[in-house]
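The structure appears right after this line, and notes come after that.
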Amino acid sequence: MPYLPVNTAAAGPGRFQALDFLSLLVAVVHSDGTLQFANAALENTLGLSRRTLQGMDFAPFFSDPQLLQTALQATRQHDFAALRFEASLRRPHQEPMLVHVSVAATELAQEVLVELWPLEQQARQEREERLREQAQAHKELIRNLAHEIKNPLGGLRGAAQLLELELTNPALTEYTQVIVHEADRLQSLVDRLLEPHRHPHQVGDVNIHEVCERARTLVLLEYPQGLRVVQDYDISIPEFRGDRAQLLQAVLNIVQNAAQALVAKMARGEPACITLRTRVARQITIGRERHKLALQLHVIDNGPGVPEALRERIFYPLVSGRDGGSGLGLALAQTFVQRHDGILECDSVPGCTDFRLLIPLP
């Protein structure tokens, strides 16, 4: 088969409209490499509009432009029905993206279809699926374990109180009070573990910027000196249906976690900054389901970063990189975000930690 048909309709502005619904990156180029069309996924990846891209030479967007140029020459000569190769796609102000590229002629002369499968997208989907499976397994384990601990704790506390009443030596009551105090502390921990499962999903209209502003106000009250919280909002983001209280708790947990990571910088008088950034992501996959629009909330801090040993386990319950931390804040945030069919991710290097919250929009 010497050609790969894209559309049997005549060429026109809406001819490639269906390509916007694809998750893979698609470009339609002239055989000389000039871009004629870029679908929404490619626009989003490059951070450039199709109007800007139209008429540009597509080859320089690859780290090795010769790879695409050679493929286009082969299609002009009809040497192959389709050519496949792996390449590195350049993105303005971002790291290059590894992609698998397929180049094939369409039914029109001098027109070539270039499809790009991001290798990192596949890895990301697998990571999201793994996070969801782990979160579900941990949720069941923690819930069952918490119930098993809760009942003996009540008996232990009651027995200590009864024993205290029988003691004739007041000095010995110190020991029973230690038992009661530690039982209460464990009871508080168990209650926090069970918290996400106790309250039903209260669905209403949510304005994400109201949620962000509430979290910002609370964290600045807790850290009034030395902390700066930057607002970088896309005010065009619409309201959506969700549980405002749960989302506020999720965002607050992330923001407080970022602030705690900056305590040492604040103590030294160094700039300590948290950025709250909202954007709309288009044609994005969450948990193997494709969404036309999604809310993208970034909580970015300029702290020391997440220790490498914890990066794969940061959302596990009872895992904390901070002395005295319970290890529940991020686990609860992940649970609340997943209740909204979303995902919470983290990218961290020293000097920049980015927690990204993704939730589908209607």
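As shown in the structure tokens, the chain order sets the letters A, B, ...; within each chain, residues go from 1, and ligands are also counted from 1 in the order they appear.
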
Report task. Run DSSP on the backbone of this structure and report the residues of range 145-270 of chain A it assigns to strand (DSSP E), as a ChimeraX atom specification. Result -> /A:204-206,227-232,240-242

Restricted to C-alpha atoms, what would the selected residues look like written as a PDB file, in the first residue's frame?
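File produced: selection.pdb:
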ATOM      1  CA  GLY A 204     -21.357  21.031  44.743  1.00  0.00           C
ATOM      2  CA  ASP A 205     -19.958  23.763  42.507  1.00  0.00           C
ATOM      3  CA  VAL A 206     -16.243  24.324  43.149  1.00  0.00           C
ATOM      4  CA  LEU A 227       7.090  33.135  53.326  1.00  0.00           C
ATOM      5  CA  ARG A 228       5.822  34.454  49.999  1.00  0.00           C
ATOM      6  CA  VAL A 229       2.922  32.766  48.181  1.00  0.00           C
ATOM      7  CA  VAL A 230       2.636  33.739  44.508  1.00  0.00           C
ATOM      8  CA  GLN A 231      -0.719  33.571  42.708  1.00  0.00           C
ATOM      9  CA  ASP A 232      -0.463  32.559  39.052  1.00  0.00           C
ATOM     10  CA  PHE A 240     -16.820  22.181  38.274  1.00  0.00           C
ATOM     11  CA  ARG A 241     -18.713  19.683  40.387  1.00  0.00           C
ATOM     12  CA  GLY A 242     -16.797  18.366  43.352  1.00  0.00           C
TER      13      GLY A 242
END

- Would you kindly return, as a PyMOL selection string, each protein, DNA or RNA residue with an atom no farther than 12 Å from any atom of Leu220 in chain A, considering only C-alpha atoms and excluding same-chain residues fewer than 4 positions away? chain A and resi 213-216+224-230+252+255-256+259-260+273-274

Fewer than 4 positions away in the same chain doesn't count, so skip those; otherwise give me all residues within 8 Å of Ala160 in chain A, counting only C-alpha atoms, as a ChimeraX atom specification. /A:156,164,176-177,179-180

Restrict the selected residues to C-alpha atoms and save them as a PDB file, in the first residue's frame.
ATOM      1  CA  LEU A 156      -6.546  -0.772  77.119  1.00  0.00           C
ATOM      2  CA  GLU A 164      -5.815   3.887  88.574  1.00  0.00           C
ATOM      3  CA  THR A 176      -1.477   4.596  84.340  1.00  0.00           C
ATOM      4  CA  GLN A 177      -1.651   8.160  83.036  1.00  0.00           C
ATOM      5  CA  ILE A 179      -0.933   4.399  79.330  1.00  0.00           C
ATOM      6  CA  VAL A 180      -4.044   6.585  78.939  1.00  0.00           C
TER       7      VAL A 180
END

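Look at Val28 in chain A: the protein and nucleic acid residues within 6 Å of it, using only C-alpha atoms and passing over chain neighbours fewer than 2 places away, are Gln36, Phe37, Val112 and Leu113 of chain A.
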
Take the residues that were just selected and, keeping C-alpha atoms, output them as an mmCIF file, in the first residue's frame.
data_model
loop_
_atom_site.group_PDB
_atom_site.id
_atom_site.type_symbol
_atom_site.label_atom_id
_atom_site.label_comp_id
_atom_site.auth_asym_id
_atom_site.auth_seq_id
_atom_site.Cartn_x
_atom_site.Cartn_y
_atom_site.Cartn_z
ATOM 1 C CA GLN A 36 0.365 22.570 7.551
ATOM 2 C CA PHE A 37 -1.507 21.333 10.618
ATOM 3 C CA VAL A 112 2.786 13.734 4.705
ATOM 4 C CA LEU A 113 1.325 12.575 8.001
#

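Proximity to Arg90 in chain A at 7 Å, evaluated using only C-alpha atoms and with sequence-adjacent residues fewer than 5 positions away removed, yields A:Phe61, A:Phe62, A:Ser63, A:Pro96, A:Met97.
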
Using only C-alpha atoms, the best pick from A:His100, A:Arg157, A:Arg282, A:Arg339 as closest to Ala41 in chain A would be A:Arg282

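If you look at CA of Leu358 in chain A and CA of Val203 in chain A, they are 17.7 Å away from each other.
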